[in-house]
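The block underneath contains the structure these notes are about, expressed in structure tokens.
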Amino acid sequence: MPPTNRDLVGYGRNPPDPRWPGGARLALSFVVNVEEGAELSLASGDARNESVHEIREEVTGQPDPCMETHYAYGARAGIWRILDAFGAHGMKATFSSCGRAVAANPHLAAAPAAEGHEVSAHGWRWESLANMPEAQEREVIAATVAAIEKAAGTRPVGWHTRSASSMNTRRLLLEEGGFLYDSDVYDDDLPRMGAPGHVILPYSFDTNDMRFSPGGGFVQPEDFSRYCIGAIDWLMREGKTTPKMLSIGLHLRIIGRPGRMPGLAALLEHVARTPGIWVAPRREIAAHWLEIAQERP
């Protein structure tokens with residue numbers, strides 16, 4: 001049987017009213033993942049090379065310049081297209097950033113921060129934290145915070161692990177003391193409170209450009225935009241009675257390719273012409289949820 005502390009019920013038929021600003025039916029969070037330079041690479045001193053990029057292939061025994069240049073595209077070209085797309089609509093996103101990526105290339109955090117986007121923490125390297133020793137994970141969190149604060153000019157208040165966190169991650173984030181929220185869950189359409197003062201914001205792998213990866217299901221740019229627009233429209237209908245939240249995941253090296261950018265453009269245009277959507281960085285959504293939660297009896 002599942003452990004007794006595993007919650008498979010959630011809010012059920014009686015979700016709380018999030019009271020989104022302006023009476024919005026939907027809080028929409030765009031998350032731009034910044035991983036370029038943080039992928040596993042023998043050339044960076046890691047134990048192996050990353051195997052997930054535009055193809056699925058792991059080179060062993062030597063550095064993999066093919067894989068590295070696929071990632072580099074996001075830092076060299078993709079970031080500017082994505083910033084321009086959001087700027088054209090005056091929308092703000094959360095740039096979920098790996099510490100090693102911004103330590104090596106500070107513009108990956110400095111440029112979004114200068115344009116008013118949130119820069120949050122996505123680990124040091126682009127890796128799962130499952131089974132990582134506690135002392136090492138504590139160092140990873142500290143190093144990530146320091147790198148982002150130096151590059152962006154302000155410390156991150158949000159955290160998201162690549163896929164699986166460890167059994168200690170949330171406790172270590174609370175012990176660190178500067179985090180407002182984490183996104184290491186995928187199980188709801190609304191935030192919830194964790195420990196006092198700490199908000200849990202669900203993330204999503206389906207409304208995510210990662211599905212352009214081999215076997216992921218997205219091929220044409222409209223595959224991405226149609227799927228995400230479908231999710232938005234469905235939640236907007238539900239939002240007439242029960243407002244919800246939706247996360248849409250992006251990656252510099254993936255959606256930033258010119259053949260895929262029309263999908264992002266179509267999505268942003270749809271959002272811009274649809275009333276009742278609150279587009280906000282995750283730190284603003286978390287701060288709002290905390291405020292509302294403190295008002296509840």
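Just remember, in the structure tokens the first chain shown is A, the second B, etc., residues are 1-based per chain, and ligands are 1-based in the order shown.
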
Any idea what's packed within 10 Å of region 98-106 of chain A, counting only C-alpha atoms, ignoring anything in its chain fewer than 4 positions away? Could you give it as a ChimeraX atom specification? /A:33-39,75,110-111,119-127,140-152,160-162

Give the helix (DSSP H, G or I) residues of region 7-68 of chain A, as assigned by DSSP on the backbone, as a list in words.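 Of region 7-68 of chain A, the ones in helix (DSSP H, G or I) are Pro21, Gly22, Gly23, Leu42, Ala43, Ser44, Pro65, Cys66, Met67 and Glu68 of chain A.
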
If we count only C-alpha atoms and set the cut-off at 10 Å, which residues sit around Arg81 (chain A), ignoring sequence neighbours fewer than 4 positions away in its own chain? Please answer as a PyMOL selection string.
chain A and resi 74+77+85-87+252+255-258+261

Just-selected residues, N, CA and C atoms written as a CSV table (one decimal), in the first residue's frame:
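As a result, selection_19.csv now contains:
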chain,number,residue,atom,x,y,z
A,74,GLY,N,21.3,27.7,-26.8
A,74,GLY,CA,20.4,28.4,-26.0
A,74,GLY,C,21.0,29.7,-25.4
A,77,ALA,N,22.0,32.2,-28.6
A,77,ALA,CA,21.0,32.7,-29.5
A,77,ALA,C,19.5,32.6,-28.9
A,85,ALA,N,10.4,37.9,-27.2
A,85,ALA,CA,9.0,37.5,-27.3
A,85,ALA,C,8.2,37.9,-26.1
A,86,PHE,N,8.8,37.7,-24.9
A,86,PHE,CA,8.0,38.2,-23.7
A,86,PHE,C,8.0,39.7,-23.7
A,87,GLY,N,9.0,40.4,-24.0
A,87,GLY,CA,9.1,41.8,-24.0
A,87,GLY,C,8.0,42.4,-24.9
A,252,LEU,N,15.8,27.4,-23.2
A,252,LEU,CA,16.5,28.3,-24.1
A,252,LEU,C,16.9,27.6,-25.4
A,255,ILE,N,12.8,25.8,-27.3
A,255,ILE,CA,11.8,26.7,-27.9
A,255,ILE,C,12.6,27.8,-28.6
A,256,GLY,N,13.8,28.1,-28.2
A,256,GLY,CA,14.6,29.2,-28.8
A,256,GLY,C,15.0,29.0,-30.2
A,257,ARG,N,14.8,27.8,-30.8
A,257,ARG,CA,15.1,27.5,-32.2
A,257,ARG,C,14.1,28.2,-33.1
A,258,PRO,N,14.6,28.8,-34.2
A,258,PRO,CA,13.7,29.6,-35.0
A,258,PRO,C,12.5,28.8,-35.6
A,261,MET,N,10.0,28.9,-32.5
A,261,MET,CA,9.5,30.1,-31.9
A,261,MET,C,8.1,30.5,-32.3

9 Å contact set for region 230-233 of chain A, only C-alpha atoms, chain neighbours under 5 positions out, as a ChimeraX atom specification = /A:26,28,207,225,238,246,271

Please produce a file of those selected residues containing N, CA, C and O atoms, as a PDB file, in the first residue's frame.
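As written to disk, selection_21.pdb reads:
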ATOM      1  N   LEU A  26      -7.395  32.495 -14.101  1.00  0.00           N
ATOM      2  CA  LEU A  26      -6.221  31.633 -14.243  1.00  0.00           C
ATOM      3  C   LEU A  26      -4.959  32.414 -13.931  1.00  0.00           C
ATOM      4  O   LEU A  26      -4.753  33.511 -14.459  1.00  0.00           O
ATOM      5  N   LEU A  28      -1.158  32.220 -14.671  1.00  0.00           N
ATOM      6  CA  LEU A  28      -0.328  31.545 -15.672  1.00  0.00           C
ATOM      7  C   LEU A  28       1.134  31.855 -15.416  1.00  0.00           C
ATOM      8  O   LEU A  28       1.550  33.017 -15.386  1.00  0.00           O
ATOM      9  N   THR A 207       2.633  20.545 -20.465  1.00  0.00           N
ATOM     10  CA  THR A 207       2.641  21.857 -21.121  1.00  0.00           C
ATOM     11  C   THR A 207       4.081  22.380 -21.082  1.00  0.00           C
ATOM     12  O   THR A 207       4.397  23.340 -20.383  1.00  0.00           O
ATOM     13  N   SER A 225       1.881  25.014 -29.305  1.00  0.00           N
ATOM     14  CA  SER A 225       0.927  26.085 -29.026  1.00  0.00           C
ATOM     15  C   SER A 225      -0.488  25.541 -28.878  1.00  0.00           C
ATOM     16  O   SER A 225      -1.230  25.954 -27.971  1.00  0.00           O
ATOM     17  N   GLU A 238     -13.124  26.168 -16.433  1.00  0.00           N
ATOM     18  CA  GLU A 238     -13.269  25.780 -15.034  1.00  0.00           C
ATOM     19  C   GLU A 238     -13.190  26.989 -14.116  1.00  0.00           C
ATOM     20  O   GLU A 238     -13.827  27.034 -13.058  1.00  0.00           O
ATOM     21  N   LEU A 246      -1.667  27.421 -13.936  1.00  0.00           N
ATOM     22  CA  LEU A 246      -1.035  26.576 -14.950  1.00  0.00           C
ATOM     23  C   LEU A 246       0.414  27.007 -15.119  1.00  0.00           C
ATOM     24  O   LEU A 246       0.719  28.209 -15.172  1.00  0.00           O
ATOM     25  N   VAL A 271      -2.686  34.342 -25.244  1.00  0.00           N
ATOM     26  CA  VAL A 271      -2.801  34.784 -23.857  1.00  0.00           C
ATOM     27  C   VAL A 271      -3.088  36.286 -23.811  1.00  0.00           C
ATOM     28  O   VAL A 271      -3.940  36.750 -23.035  1.00  0.00           O
TER      29      VAL A 271
END

Could you state the separation of CA of Phe224 (chain A) and CA of Gly78 (chain A) in Å, given to one decimal place?
->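 Rounded to one decimal, the two atoms are 16.8 Å apart.
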
Requested in this report: Could you check how far CA of Ala265 (chain A) sits from CA of Ile229 (chain A), in Å to one decimal?
Outcome: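 CA of Ala265 (chain A) sits 11.8 Å away from CA of Ile229 (chain A).
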
Of A:Pro3, A:Pro15, A:Gly45, A:Gly116, the one nearest to Ala93 (chain A) when counting only C-alpha atoms is A:Gly116

- Rounded to one decimal place, report the CA of Gly249 (chain A)-CA of Arg19 (chain A) distance in Å.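 Calculated distance between CA of Gly249 (chain A) and CA of Arg19 (chain A) is 23.8 Å.
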
Which residues come within 9 Å of Ile55 (chain A), counting only C-alpha atoms, excluding same-chain residues fewer than 6 positions away, as a list in words?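 In the requested form, the answer reads Met67, Ser213 and Pro214 of chain A.
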
Self-check item: Residues near Pro221 (chain A), cut-off 8 Å, only C-alpha atoms, skip fewer than 4 positions along chain, as a PyMOL selection string
Solution: chain A and resi 225+259-264

Please produce a file of those selected residues containing N, CA, C and O atoms, as a PDB file, in the first residue's frame.
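Okay, this is what ended up in part.pdb:
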ATOM      1  N   SER A 225       1.881  25.014 -29.305  1.00  0.00           N
ATOM      2  CA  SER A 225       0.927  26.085 -29.026  1.00  0.00           C
ATOM      3  C   SER A 225      -0.488  25.541 -28.878  1.00  0.00           C
ATOM      4  O   SER A 225      -1.230  25.954 -27.971  1.00  0.00           O
ATOM      5  N   GLY A 259      12.609  27.484 -35.773  1.00  0.00           N
ATOM      6  CA  GLY A 259      11.485  26.701 -36.250  1.00  0.00           C
ATOM      7  C   GLY A 259      10.427  26.454 -35.203  1.00  0.00           C
ATOM      8  O   GLY A 259       9.298  26.063 -35.525  1.00  0.00           O
ATOM      9  N   ARG A 260      10.764  26.689 -33.924  1.00  0.00           N
ATOM     10  CA  ARG A 260       9.826  26.460 -32.834  1.00  0.00           C
ATOM     11  C   ARG A 260       9.272  27.755 -32.250  1.00  0.00           C
ATOM     12  O   ARG A 260       8.214  27.745 -31.613  1.00  0.00           O
ATOM     13  N   MET A 261       9.969  28.857 -32.457  1.00  0.00           N
ATOM     14  CA  MET A 261       9.522  30.129 -31.906  1.00  0.00           C
ATOM     15  C   MET A 261       8.110  30.520 -32.346  1.00  0.00           C
ATOM     16  O   MET A 261       7.380  31.147 -31.562  1.00  0.00           O
ATOM     17  N   PRO A 262       7.666  30.185 -33.569  1.00  0.00           N
ATOM     18  CA  PRO A 262       6.273  30.516 -33.900  1.00  0.00           C
ATOM     19  C   PRO A 262       5.264  29.903 -32.942  1.00  0.00           C
ATOM     20  O   PRO A 262       4.179  30.464 -32.742  1.00  0.00           O
ATOM     21  N   GLY A 263       5.592  28.767 -32.356  1.00  0.00           N
ATOM     22  CA  GLY A 263       4.697  28.167 -31.379  1.00  0.00           C
ATOM     23  C   GLY A 263       4.591  29.016 -30.126  1.00  0.00           C
ATOM     24  O   GLY A 263       3.498  29.207 -29.581  1.00  0.00           O
ATOM     25  N   LEU A 264       5.726  29.534 -29.646  1.00  0.00           N
ATOM     26  CA  LEU A 264       5.693  30.414 -28.486  1.00  0.00           C
ATOM     27  C   LEU A 264       4.981  31.715 -28.824  1.00  0.00           C
ATOM     28  O   LEU A 264       4.177  32.223 -28.034  1.00  0.00           O
TER      29      LEU A 264
END

Worksheet item: With distances taken over only C-alpha atoms, which of A:Glu68, A:Asp209, A:Glu291, A:Asp182 is nearest to Glu50 (chain A)?
Response: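 Ranking A:Glu68, A:Asp209, A:Glu291, A:Asp182 by distance to Glu50 (chain A), first place goes to A:Glu68.
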
Could you write out, as a compact mmCIF listing (two decimals) with N, CA, C and O atoms, in the first residue's frame, all the residues of region 107-160 of chain A that DSSP marks as strand (DSSP E)?
# COMPACT_ATOMS: atom_id res chain seq x y z
N GLU A 118 11.83 37.12 -13.02
CA GLU A 118 12.36 36.45 -11.84
C GLU A 118 13.47 35.49 -12.26
O GLU A 118 13.37 34.82 -13.28
N VAL A 119 14.53 35.40 -11.45
CA VAL A 119 15.56 34.38 -11.63
C VAL A 119 15.52 33.48 -10.40
O VAL A 119 15.83 33.92 -9.29
N SER A 120 15.11 32.25 -10.61
CA SER A 120 14.99 31.29 -9.51
C SER A 120 16.07 30.21 -9.64
O SER A 120 16.85 30.22 -10.59
N ALA A 121 16.09 29.29 -8.69
CA ALA A 121 17.16 28.30 -8.60
C ALA A 121 16.74 26.94 -9.15
O ALA A 121 15.65 26.46 -8.85
N GLY A 158 12.93 30.96 -5.14
CA GLY A 158 12.27 29.74 -5.57
C GLY A 158 13.26 28.67 -5.97
O GLY A 158 14.38 28.98 -6.40
N TRP A 159 12.84 27.42 -5.87
CA TRP A 159 13.69 26.27 -6.18
C TRP A 159 12.91 25.24 -6.97
O TRP A 159 11.73 25.00 -6.70
